[in-house]
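> File name target_21.pdb; file contents PDB, C-alpha atoms and all ligand atoms; full text below.
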ATOM      1  CA  MET A   1     -17.910 -17.546   8.187
ATOM      2  CA  LYS A   2     -16.456 -14.058   8.517
ATOM      3  CA  ASN A   3     -18.463 -11.560  10.537
ATOM      4  CA  ASN A   4     -18.515  -8.887   7.876
ATOM      5  CA  PHE A   5     -19.398  -5.642   9.651
ATOM      6  CA  TRP A   6     -18.764  -3.711   6.425
ATOM      7  CA  GLU A   7     -21.996  -5.034   4.951
ATOM      8  CA  ASN A   8     -23.988  -3.782   7.921
ATOM      9  CA  LEU A   9     -22.892  -0.157   7.707
ATOM     10  CA  LYS A  10     -25.733   2.124   6.698
ATOM     11  CA  LYS A  11     -24.892   3.775   3.376
ATOM     12  CA  PRO A  12     -23.485   6.203   2.666
ATOM     13  CA  PHE A  13     -21.090   5.869   5.584
ATOM     14  CA  PHE A  14     -18.102   7.921   6.647
ATOM     15  CA  ALA A  15     -14.840   6.385   7.744
ATOM     16  CA  MET A  16     -11.963   7.993   9.552
ATOM     17  CA  ALA A  17      -9.093   7.066   7.243
ATOM     18  CA  PRO A  18      -5.800   5.881   8.749
ATOM     19  CA  MET A  19      -3.104   8.419   9.560
ATOM     20  CA  ALA A  20       0.213   7.327  11.035
ATOM     21  CA  GLY A  21       1.138   9.386  14.088
ATOM     22  CA  ILE A  22      -2.388  10.789  14.339
ATOM     23  CA  THR A  23      -5.239   8.274  14.454
ATOM     24  CA  ASP A  24      -4.526   6.953  17.948
ATOM     25  CA  SER A  25      -7.200   5.853  20.390
ATOM     26  CA  SER A  26      -7.998   9.348  21.691
ATOM     27  CA  PHE A  27      -8.396  10.837  18.205
ATOM     28  CA  ARG A  28     -10.436   7.848  17.043
ATOM     29  CA  GLN A  29     -12.741   8.281  20.025
ATOM     30  CA  MET A  30     -13.240  11.944  19.156
ATOM     31  CA  CYS A  31     -14.162  11.008  15.582
ATOM     32  CA  VAL A  32     -16.569   8.281  16.732
ATOM     33  CA  ARG A  33     -18.150  10.713  19.194
ATOM     34  CA  PHE A  34     -18.946  12.955  16.221
ATOM     35  CA  GLY A  35     -20.328  10.226  14.013
ATOM     36  CA  ALA A  36     -17.475   8.408  12.231
ATOM     37  CA  ASP A  37     -19.007   5.064  11.235
ATOM     38  CA  VAL A  38     -15.733   3.141  11.182
ATOM     39  CA  VAL A  39     -12.219   4.051  12.285
ATOM     40  CA  TYR A  40      -8.778   2.797  11.265
ATOM     41  CA  SER A  41      -5.633   2.406  13.352
ATOM     42  CA  GLU A  42      -2.346   4.003  12.419
ATOM     43  CA  MET A  43      -0.550   1.687  10.006
ATOM     44  CA  ALA A  44       1.277  -1.075  11.865
ATOM     45  CA  SER A  45       4.321  -2.936  10.568
ATOM     46  CA  ALA A  46       3.710  -6.635   9.911
ATOM     47  CA  THR A  47       7.443  -7.228  10.333
ATOM     48  CA  ALA A  48       7.553  -5.453  13.699
ATOM     49  CA  LEU A  49       4.648  -7.611  14.851
ATOM     50  CA  VAL A  50       6.666 -10.716  14.055
ATOM     51  CA  TYR A  51       9.985  -9.684  15.635
ATOM     52  CA  ALA A  52       9.133  -7.223  18.418
ATOM     53  CA  PRO A  53       5.374  -7.038  18.847
ATOM     54  CA  GLU A  54       5.097  -5.334  22.264
ATOM     55  CA  LYS A  55       5.256  -1.684  21.242
ATOM     56  CA  THR A  56       3.049  -2.152  18.186
ATOM     57  CA  LEU A  57       0.477  -4.086  20.190
ATOM     58  CA  GLU A  58       0.382  -1.299  22.744
ATOM     59  CA  ILE A  59      -0.189   1.301  20.007
ATOM     60  CA  LEU A  60      -3.050  -0.760  18.558
ATOM     61  CA  GLN A  61      -5.047  -1.021  21.797
ATOM     62  CA  PHE A  62      -8.517   0.471  21.606
ATOM     63  CA  GLU A  63     -11.702   1.042  23.601
ATOM     64  CA  LYS A  64     -14.963  -0.769  22.939
ATOM     65  CA  LYS A  65     -16.679   2.451  21.902
ATOM     66  CA  GLU A  66     -14.302   2.756  18.942
ATOM     67  CA  ARG A  67     -15.870  -0.243  17.219
ATOM     68  CA  PRO A  68     -16.043  -0.935  14.357
ATOM     69  CA  TYR A  69     -12.269  -0.608  14.492
ATOM     70  CA  VAL A  70      -9.970  -1.714  11.679
ATOM     71  CA  VAL A  71      -6.268  -2.414  12.164
ATOM     72  CA  GLN A  72      -4.137  -1.538   9.157
ATOM     73  CA  LEU A  73      -0.987  -3.514   8.384
ATOM     74  CA  PHE A  74       1.870  -2.542   6.104
ATOM     75  CA  GLY A  75       4.860  -4.538   4.958
ATOM     76  CA  ALA A  76       6.445  -6.244   1.958
ATOM     77  CA  GLU A  77       7.195  -9.749   3.149
ATOM     78  CA  PRO A  78       4.252 -12.120   2.563
ATOM     79  CA  LYS A  79       5.266 -14.571   5.278
ATOM     80  CA  HIS A  80       5.328 -11.846   7.957
ATOM     81  CA  PHE A  81       1.657 -11.200   7.250
ATOM     82  CA  VAL A  82       0.772 -14.751   8.319
ATOM     83  CA  GLU A  83       2.060 -14.278  11.850
ATOM     84  CA  ALA A  84       1.077 -10.602  12.081
ATOM     85  CA  THR A  85      -2.515 -11.457  11.121
ATOM     86  CA  LYS A  86      -2.716 -14.217  13.717
ATOM     87  CA  ILE A  87      -1.340 -11.900  16.410
ATOM     88  CA  ILE A  88      -3.761  -9.079  15.580
ATOM     89  CA  THR A  89      -6.732 -11.444  15.452
ATOM     90  CA  LYS A  90      -5.885 -13.029  18.788
ATOM     91  CA  GLU A  91      -4.397 -10.152  20.796
ATOM     92  CA  ILE A  92      -6.222  -7.065  19.516
ATOM     93  CA  LYS A  93      -9.546  -8.495  18.277
ATOM     94  CA  PRO A  94     -10.500  -5.576  16.008
ATOM     95  CA  ASN A  95     -13.485  -5.726  13.660
ATOM     96  CA  GLY A  96     -11.368  -5.967  10.549
ATOM     97  CA  ILE A  97      -7.864  -6.003   9.126
ATOM     98  CA  ASP A  98      -6.764  -3.677   6.329
ATOM     99  CA  ILE A  99      -3.667  -3.806   4.137
ATOM    100  CA  ASN A 100      -1.835  -0.655   3.075
ATOM    101  CA  PHE A 101      -1.181  -0.244  -0.670
ATOM    102  CA  GLY A 102      -1.087   3.540  -0.628
ATOM    103  CA  CYS A 103       1.694   4.917   1.553
ATOM    104  CA  PRO A 104       4.126   7.138  -0.424
ATOM    105  CA  VAL A 105       6.642   7.754   2.399
ATOM    106  CA  LYS A 106      10.192   7.151   1.092
ATOM    107  CA  LYS A 107      11.225   4.981   4.053
ATOM    108  CA  VAL A 108       8.223   2.730   3.431
ATOM    109  CA  GLN A 109       8.808   2.682  -0.356
ATOM    110  CA  LYS A 110      12.388   1.562   0.214
ATOM    111  CA  GLN A 111      11.105  -1.546   1.987
ATOM    112  CA  GLY A 112       8.853  -2.269  -1.005
ATOM    113  CA  ALA A 113       5.791  -1.624   1.169
ATOM    114  CA  GLY A 114       2.833   0.758   0.856
ATOM    115  CA  ALA A 115       2.067   2.195  -2.587
ATOM    116  CA  VAL A 116       5.001   0.570  -4.415
ATOM    117  CA  LEU A 117       3.823  -2.871  -3.277
ATOM    118  CA  MET A 118       0.884  -2.467  -5.676
ATOM    119  CA  LYS A 119       3.349  -2.626  -8.605
ATOM    120  CA  ASP A 120       4.150  -6.241  -7.738
ATOM    121  CA  PHE A 121       0.795  -7.922  -8.414
ATOM    122  CA  LYS A 122       1.972 -11.406  -7.446
ATOM    123  CA  LYS A 123       3.479 -10.364  -4.145
ATOM    124  CA  SER A 124       0.460  -8.212  -3.341
ATOM    125  CA  ARG A 125      -1.786 -11.153  -4.042
ATOM    126  CA  ALA A 126       0.270 -13.433  -1.794
ATOM    127  CA  ILE A 127       0.060 -10.883   1.029
ATOM    128  CA  ILE A 128      -3.710 -10.503   0.716
ATOM    129  CA  GLU A 129      -4.131 -14.300   0.636
ATOM    130  CA  ASN A 130      -1.963 -14.704   3.713
ATOM    131  CA  VAL A 131      -4.087 -12.235   5.640
ATOM    132  CA  ILE A 132      -7.421 -13.692   4.489
ATOM    133  CA  ASN A 133      -6.339 -17.266   5.244
ATOM    134  CA  ASN A 134      -5.193 -16.515   8.779
ATOM    135  CA  THR A 135      -8.108 -14.648  10.278
ATOM    136  CA  ASP A 136     -11.849 -14.917  10.673
ATOM    137  CA  LEU A 137     -12.048 -11.113  10.448
ATOM    138  CA  PRO A 138     -13.105  -9.368   7.230
ATOM    139  CA  VAL A 139     -10.121  -8.159   5.222
ATOM    140  CA  SER A 140     -10.005  -4.848   3.348
ATOM    141  CA  ILE A 141      -7.388  -2.989   1.322
ATOM    142  CA  LYS A 142      -6.523   0.675   0.817
ATOM    143  CA  THR A 143      -4.964   1.738  -2.474
ATOM    144  CA  ARG A 144      -4.286   4.627  -4.806
ATOM    145  CA  THR A 145      -5.683   4.944  -8.345
ATOM    146  CA  ARG A 146      -2.320   4.311 -10.004
ATOM    147  CA  VAL A 147       1.280   3.579  -9.087
ATOM    148  CA  ASP A 148       3.614   4.334 -12.020
ATOM    149  CA  ASN A 149       2.285   2.226 -14.927
ATOM    150  CA  LYS A 150       0.017   0.030 -12.777
ATOM    151  CA  SER A 151      -3.625   1.003 -12.564
ATOM    152  CA  ILE A 152      -5.923   0.062  -9.701
ATOM    153  CA  LEU A 153      -8.325  -1.448 -12.247
ATOM    154  CA  ASP A 154      -5.743  -3.946 -13.536
ATOM    155  CA  PHE A 155      -4.757  -4.672  -9.954
ATOM    156  CA  LEU A 156      -8.391  -5.394  -9.022
ATOM    157  CA  GLU A 157      -8.757  -7.635 -12.066
ATOM    158  CA  PHE A 158      -5.745  -9.661 -10.891
ATOM    159  CA  ILE A 159      -7.161 -10.189  -7.377
ATOM    160  CA  LYS A 160     -10.865 -10.361  -8.216
ATOM    161  CA  ASP A 161     -11.307 -13.917  -6.931
ATOM    162  CA  LEU A 162      -9.992 -13.060  -3.443
ATOM    163  CA  ASP A 163     -12.448 -12.565  -0.588
ATOM    164  CA  ILE A 164     -11.749  -8.864   0.020
ATOM    165  CA  LYS A 165     -14.680  -7.313   1.836
ATOM    166  CA  ALA A 166     -13.906  -3.618   1.412
ATOM    167  CA  LEU A 167     -11.725  -1.291  -0.611
ATOM    168  CA  MET A 168     -10.821   2.334   0.038
ATOM    169  CA  ILE A 169      -9.346   4.124  -2.949
ATOM    170  CA  HIS A 170      -7.390   7.318  -2.383
ATOM    171  CA  GLY A 171      -8.220   8.965  -5.686
ATOM    172  CA  ARG A 172      -4.688  10.043  -6.487
ATOM    173  CA  THR A 173      -1.662   8.415  -8.097
ATOM    174  CA  LEU A 174       1.551   7.808  -6.187
ATOM    175  CA  ALA A 175       3.143  10.615  -8.227
ATOM    176  CA  GLN A 176       0.493  13.055  -6.988
ATOM    177  CA  GLY A 177       1.289  12.367  -3.359
ATOM    178  CA  PHE A 178      -1.245  14.194  -1.234
ATOM    179  CA  SER A 179      -2.385  16.972  -3.549
ATOM    180  CA  GLY A 180      -4.079  17.460  -6.879
ATOM    181  CA  ALA A 181      -7.369  16.387  -8.388
ATOM    182  CA  ILE A 182      -9.227  13.276  -7.266
ATOM    183  CA  ASP A 183      -9.758  10.807 -10.119
ATOM    184  CA  THR A 184     -13.452  10.146  -9.601
ATOM    185  CA  GLU A 185     -13.803   8.357 -12.950
ATOM    186  CA  THR A 186     -11.401   5.582 -11.974
ATOM    187  CA  ILE A 187     -13.028   5.167  -8.562
ATOM    188  CA  LYS A 188     -16.401   4.888 -10.290
ATOM    189  CA  LYS A 189     -15.035   2.290 -12.716
ATOM    190  CA  ALA A 190     -13.624   0.252  -9.824
ATOM    191  CA  ARG A 191     -17.224  -0.784  -9.173
ATOM    192  CA  ASP A 192     -17.048  -3.057 -12.241
ATOM    193  CA  PHE A 193     -13.961  -4.793 -10.890
ATOM    194  CA  PHE A 194     -14.834  -5.142  -7.220
ATOM    195  CA  SER A 195     -17.969  -6.549  -5.607
ATOM    196  CA  GLY A 196     -17.297  -5.641  -1.952
ATOM    197  CA  VAL A 197     -17.925  -2.397  -0.096
ATOM    198  CA  LEU A 198     -16.306   0.503  -1.960
ATOM    199  CA  MET A 199     -14.995   3.728  -0.432
ATOM    200  CA  ALA A 200     -13.590   6.868  -2.041
ATOM    201  CA  ASN A 201     -11.013   8.989  -0.271
ATOM    202  CA  GLY A 202      -9.278  12.288  -0.816
ATOM    203  CA  GLY A 203      -9.904  16.001  -0.511
ATOM    204  CA  VAL A 204     -13.039  16.006   1.630
ATOM    205  CA  TYR A 205     -13.062  18.976   4.022
ATOM    206  CA  SER A 206     -16.777  19.809   4.068
ATOM    207  CA  ARG A 207     -20.259  18.429   3.655
ATOM    208  CA  ALA A 208     -20.478  19.816   0.130
ATOM    209  CA  GLU A 209     -17.237  18.058  -0.863
ATOM    210  CA  ALA A 210     -18.455  14.785   0.644
ATOM    211  CA  GLU A 211     -21.688  15.009  -1.315
ATOM    212  CA  LYS A 212     -19.836  15.845  -4.521
ATOM    213  CA  LEU A 213     -17.490  12.876  -4.149
ATOM    214  CA  LEU A 214     -20.369  10.516  -3.357
ATOM    215  CA  GLN A 215     -22.263  11.684  -6.379
ATOM    216  CA  ALA A 216     -19.312  11.532  -8.751
ATOM    217  CA  THR A 217     -18.228   8.040  -7.716
ATOM    218  CA  GLY A 218     -21.374   6.234  -6.529
ATOM    219  CA  VAL A 219     -19.397   4.623  -3.707
ATOM    220  CA  ASP A 220     -20.810   3.146  -0.492
ATOM    221  CA  GLY A 221     -18.751   5.308   1.808
ATOM    222  CA  ILE A 222     -16.117   7.987   2.074
ATOM    223  CA  GLY A 223     -12.823   8.041   3.926
ATOM    224  CA  ILE A 224     -11.795  11.295   5.548
ATOM    225  CA  ALA A 225      -8.253  11.939   6.754
ATOM    226  CA  ARG A 226      -6.928  15.523   6.873
ATOM    227  CA  GLY A 227     -10.426  16.999   6.900
ATOM    228  CA  ALA A 228     -10.774  15.728  10.471
ATOM    229  CA  LEU A 229      -7.590  17.363  11.781
ATOM    230  CA  GLY A 230      -8.630  19.942  14.350
ATOM    231  CA  ARG A 231     -12.194  19.230  13.254
ATOM    232  CA  PRO A 232     -13.216  15.739  14.367
ATOM    233  CA  TRP A 233     -16.781  17.080  14.187
ATOM    234  CA  ILE A 234     -16.583  17.034  10.374
ATOM    235  CA  PHE A 235     -18.474  13.720  10.527
ATOM    236  CA  SER A 236     -21.395  15.428  12.321
ATOM    237  CA  GLU A 237     -21.260  18.306   9.883
ATOM    238  CA  ILE A 238     -21.522  15.923   6.936
ATOM    239  CA  LYS A 239     -24.334  13.950   8.545
ATOM    240  CA  ASP A 240     -26.211  17.121   9.429
ATOM    241  CA  LEU A 241     -25.946  16.402  13.154
ATOM    242  CA  ASP A 242     -25.189  18.890  15.899
ATOM    243  CA  PHE A 243     -21.571  20.036  15.982
ATOM    244  CA  PRO A 244     -19.670  22.678  17.965
ATOM    245  CA  LYS A 245     -19.748  26.136  16.458
ATOM    246  CA  SER A 246     -18.861  28.647  19.158
ATOM    247  CA  LYS A 247     -15.365  29.098  20.532
ATOM    248  CA  GLU A 248     -16.553  27.922  23.976
ATOM    249  CA  GLU A 249     -18.054  24.724  22.568
ATOM    250  CA  LYS A 250     -14.885  24.018  20.632
ATOM    251  CA  PHE A 251     -12.641  24.636  23.666
ATOM    252  CA  LYS A 252     -14.731  22.085  25.560
ATOM    253  CA  ILE A 253     -14.079  19.524  22.826
ATOM    254  CA  VAL A 254     -10.351  20.304  22.798
ATOM    255  CA  LEU A 255     -10.221  19.665  26.547
ATOM    256  CA  GLU A 256     -12.133  16.418  26.137
ATOM    257  CA  HIS A 257      -9.589  15.271  23.546
ATOM    258  CA  VAL A 258      -6.637  16.255  25.737
ATOM    259  CA  LYS A 259      -8.081  14.354  28.706
ATOM    260  CA  LEU A 260      -8.467  11.224  26.599
ATOM    261  CA  ALA A 261      -4.901  11.594  25.353
ATOM    262  CA  GLU A 262      -3.635  11.912  28.915
ATOM    263  CA  LYS A 263      -5.701   8.952  30.060
ATOM    264  CA  HIS A 264      -4.172   6.774  27.356
ATOM    265  CA  LYS A 265      -0.591   7.966  27.204
ATOM    266  CA  GLY A 266       0.007  10.000  30.362
ATOM    267  CA  GLN A 267       1.995  13.218  29.990
ATOM    268  CA  GLN A 268       3.393  11.978  26.675
ATOM    269  CA  GLY A 269      -0.220  12.087  25.455
ATOM    270  CA  VAL A 270      -0.411  15.801  26.302
ATOM    271  CA  ILE A 271       2.880  16.475  24.503
ATOM    272  CA  GLU A 272       1.605  14.565  21.466
ATOM    273  CA  MET A 273      -1.515  16.739  21.584
ATOM    274  CA  ARG A 274       0.536  19.804  20.600
ATOM    275  CA  LYS A 275       0.031  19.151  16.892
ATOM    276  CA  HIS A 276      -3.705  18.608  17.375
ATOM    277  CA  LEU A 277      -3.910  21.830  19.408
ATOM    278  CA  CYS A 278      -2.338  23.733  16.511
ATOM    279  CA  TRP A 279      -4.892  22.253  14.116
ATOM    280  CA  TYR A 280      -7.729  23.141  16.474
ATOM    281  CA  ALA A 281      -6.341  26.664  16.828
ATOM    282  CA  LYS A 282      -6.600  27.226  13.084
ATOM    283  CA  GLY A 283     -10.234  28.189  13.338
ATOM    284  CA  PHE A 284      -9.768  30.503  16.333
ATOM    285  CA  GLU A 285      -9.235  34.212  16.538
ATOM    286  CA  GLY A 286      -5.561  35.089  17.009
ATOM    287  CA  ALA A 287      -4.595  31.626  15.745
ATOM    288  CA  SER A 288      -0.899  32.291  15.212
ATOM    289  CA  GLU A 289      -0.383  33.697  18.733
ATOM    290  CA  LEU A 290      -2.393  30.783  20.189
ATOM    291  CA  ARG A 291      -0.317  28.272  18.228
ATOM    292  CA  ARG A 292       2.932  29.761  19.478
ATOM    293  CA  GLU A 293       1.777  29.118  23.033
ATOM    294  CA  LEU A 294       0.077  25.767  22.453
ATOM    295  CA  ILE A 295       3.136  24.252  20.806
ATOM    296  CA  GLN A 296       4.926  24.431  24.155
ATOM    297  CA  VAL A 297       2.318  22.950  26.504
ATOM    298  CA  GLU A 298       3.301  20.171  28.877
ATOM    299  CA  THR A 299       0.221  19.707  31.044
ATOM    300  CA  ILE A 300      -3.540  20.062  30.881
ATOM    301  CA  ARG A 301      -3.192  23.040  33.217
ATOM    302  CA  ASP A 302      -1.003  24.816  30.660
ATOM    303  CA  ILE A 303      -3.681  24.268  28.022
ATOM    304  CA  LYS A 304      -6.493  25.502  30.254
ATOM    305  CA  LYS A 305      -4.488  28.600  31.068
ATOM    306  CA  ILE A 306      -3.876  29.415  27.406
ATOM    307  CA  LEU A 307      -7.468  28.775  26.395
ATOM    308  CA  LYS A 308      -8.625  30.632  29.539
ATOM    309  CA  TYR A 309     -11.025  27.794  30.120
TER     310      TYR A 309
HETATM  311  C1  LIG B 401      -0.047  12.443   8.278
HETATM  312  C2  LIG B 401      -0.686  11.382   7.440
HETATM  313  C3  LIG B 401      -0.512  10.045   7.760
HETATM  314  C4  LIG B 401      -1.095   9.047   6.978
HETATM  315  N1  LIG B 401      -0.932   7.737   7.344
HETATM  316  C5  LIG B 401      -1.573   6.774   6.623
HETATM  317  C6  LIG B 401      -1.524   5.409   7.051
HETATM  318  O1  LIG B 401      -0.946   5.064   8.093
HETATM  319  N2  LIG B 401      -2.145   4.490   6.271
HETATM  320  C7  LIG B 401      -2.810   4.825   5.116
HETATM  321  O2  LIG B 401      -3.367   3.973   4.448
HETATM  322  N3  LIG B 401      -2.894   6.117   4.718
HETATM  323  C8  LIG B 401      -2.316   7.079   5.456
HETATM  324  N4  LIG B 401      -2.449   8.387   5.079
HETATM  325  C9  LIG B 401      -3.283   8.721   3.890
HETATM  326  C10 LIG B 401      -4.719   9.071   4.288
HETATM  327  O3  LIG B 401      -5.377   7.966   4.862
HETATM  328  C11 LIG B 401      -5.511   9.532   3.049
HETATM  329  O4  LIG B 401      -5.523   8.506   2.108
HETATM  330  C12 LIG B 401      -4.928  10.795   2.390
HETATM  331  O5  LIG B 401      -4.524  11.737   3.358
HETATM  332  C13 LIG B 401      -5.967  11.440   1.455
HETATM  333  O6  LIG B 401      -7.141  11.750   2.171
HETATM  334  P1  LIG B 401      -7.497  13.239   2.673
HETATM  335  O7  LIG B 401      -7.446  14.123   1.461
HETATM  336  O8  LIG B 401      -8.861  13.106   3.293
HETATM  337  O9  LIG B 401      -6.428  13.628   3.648
HETATM  338  C14 LIG B 401      -1.865   9.393   5.838
HETATM  339  C15 LIG B 401      -2.046  10.736   5.534
HETATM  340  C16 LIG B 401      -1.481  11.728   6.309
HETATM  341  C17 LIG B 401      -1.724  13.172   5.953
END
Output the file's structure in the form of structure tokens.

Amino acid sequence: MKNNFWENLKKPFFAMAPMAGITDSSFRQMCVRFGADVVYSEMASATALVYAPEKTLEILQFEKKERPYVVQLFGAEPKHFVEATKIITKEIKPNGIDINFGCPVKKVQKQGAGAVLMKDFKKSRAIIENVINNTDLPVSIKTRTRVDNKSILDFLEFIKDLDIKALMIHGRTLAQGFSGAIDTETIKKARDFFSGVLMANGGVYSRAEAEKLLQATGVDGIGIARGALGRPWIFSEIKDLDFPKSKEEKFKIVLEHVKLAEKHKGQQGVIEMRKHLCWYAKGFEGASELRRELIQVETIRDIKKILKY
């Protein structure tokens, strides 16, 4: 029996959607601190897990407080998903495993992975089966609404007998990439093709947008990606909880995030924080001057000096 945490999430819930190069442990912890109900890892290569797992396993480490934590796999070779799933289940022990059917990055497309994988129904099905059959964790998938001539609804029809516990639909086609209107109609229709927990994703940067998407789609939860950049408190904002408003409160949060990054990755963590610092700076007075300085920081002391904190 799979321990299906998805079913226990209070609806509507708000997930931190996966972002490669961004949703590491420190960022996930910041989102959980502000009310994210479930968080995803950065996408991890099933093939890398089979041939050289060390680095990927290190990236996927997490802290207890991040639970429920979902590890997302990407790849195009069904047999790699057998081993990768076993490794994740045994070595990482997350709350769930997700499969990526949405990534538009050219390098990933070339491998036949991510969004273009959805065009090959049979291979996609084999991959999902291989993950489900090799773990006791609940399995979810993340897709787009359409990839070329293949619609998510036909895809769901083809895999409807598989035990997929949750589905996050980024409401855009592959051709749209990361901009343009969210196809709420198709997400709404997906309900008729999928009996698990359904999430809508795309274009949510505020409480009003979250409410609008929930209303238009009738989903159980919403996935938020770019709306949390430099604003991990968006989850609190949406849930009408307390969130930082003054510059001083926000600086405190920035420092908290930097300290977590340093704890997890050492000085490299601080260097990697540069992009987050630029996103945080967006809302501050004199943002462009601040960004120019923040993009060069090497230590927490540098950051404190710039923020005069
Ligand atoms: C920098 C970046 C990295 C992303 N990496 C992933 C990923 O690893 N796996 C995935 O399924 N989606 C990934 N996405 C897509 C997001 O999860 C999300 O579907 C998309 O950004 C739309 O949501 P938003 O409008 O809230 O940003 C990424 C998006 C961005 C901007």
> Show me a table, sorted first by chain and then by increasing residue number, of the residues of chain A having an atom at most 9 Å from ligand LIG 401 (chain B), each with its shortest atom pair and the distance in Å to one decimal, counting all atoms listed in the file and written as CSV.

residue,atom,partner,partner_atom,distance
A:Met16,CA,B:LIG401,O3,8.1
A:Ala17,CA,B:LIG401,O3,4.5
A:Pro18,CA,B:LIG401,O3,4.4
A:Met19,CA,B:LIG401,N1,3.2
A:Ala20,CA,B:LIG401,N1,3.9
A:Gly21,CA,B:LIG401,C3,6.6
A:Ile22,CA,B:LIG401,C1,6.7
A:Thr23,CA,B:LIG401,O1,8.3
A:Tyr40,CA,B:LIG401,N2,8.5
A:Ser41,CA,B:LIG401,O1,7.5
A:Glu42,CA,B:LIG401,O1,4.7
A:Met43,CA,B:LIG401,O1,3.9
A:Ala44,CA,B:LIG401,O1,7.5
A:Gln72,CA,B:LIG401,N2,7.0
A:Leu73,CA,B:LIG401,N2,8.4
A:Phe74,CA,B:LIG401,N2,8.1
A:Asp98,CA,B:LIG401,O2,8.6
A:Ile99,CA,B:LIG401,O2,7.8
A:Asn100,CA,B:LIG401,O2,5.1
A:Phe101,CA,B:LIG401,O2,7.0
A:Gly102,CA,B:LIG401,O2,5.6
A:Cys103,CA,B:LIG401,N3,5.7
A:Pro104,CA,B:LIG401,N4,8.7
A:Gly114,CA,B:LIG401,O2,7.9
A:Ile141,CA,B:LIG401,O2,8.6
A:Lys142,CA,B:LIG401,O2,5.8
A:Thr143,CA,B:LIG401,O2,7.4
A:Arg144,CA,B:LIG401,O4,8.0
A:Met168,CA,B:LIG401,O4,8.4
A:Ile169,CA,B:LIG401,O4,7.7
A:His170,CA,B:LIG401,O4,5.0
A:Gly171,CA,B:LIG401,C13,7.9
A:Arg172,CA,B:LIG401,C13,8.2
A:Gly177,CA,B:LIG401,C12,8.6
A:Phe178,CA,B:LIG401,C13,6.1
A:Ser179,CA,B:LIG401,O7,7.7
A:Ile182,CA,B:LIG401,O7,8.9
A:Asn201,CA,B:LIG401,O6,5.3
A:Gly202,CA,B:LIG401,O7,3.5
A:Gly203,CA,B:LIG401,O7,3.7
A:Val204,CA,B:LIG401,O8,5.4
A:Tyr205,CA,B:LIG401,O8,7.3
A:Ile222,CA,B:LIG401,O8,9.0
A:Gly223,CA,B:LIG401,O8,6.5
A:Ile224,CA,B:LIG401,O8,4.1
A:Ala225,CA,B:LIG401,O8,3.7
A:Arg226,CA,B:LIG401,O9,3.8
A:Gly227,CA,B:LIG401,O8,5.5
A:Ala228,CA,B:LIG401,O8,7.9
> Applying 7 Å and only C-alpha atoms, which residues near Phe194 (chain A) remain after dropping the ones on its own chain fewer than 2 positions away? List them as a PyMOL selection string.
chain A and resi 156+160+190-192+196
> Rounded to one decimal, what separation in Å do you get between CA of Phe62 (chain A) and CA of Leu167 (chain A)?
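These two atoms are separated by 22.5 Å.
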> From the options A:Ile271, A:Leu198, A:Leu307, A:Leu153, which residue's atoms come nearest to Ala287 (chain A), counting only C-alpha atoms?
A:Leu307
> Using only C-alpha atoms, pick whichever of A:Leu214, A:Thr145, A:Ile164, A:Ala261 has the shortest atom-to-atom distance to Ile187 (chain A).
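Closest to Ile187 (chain A), using only C-alpha atoms: A:Thr145.
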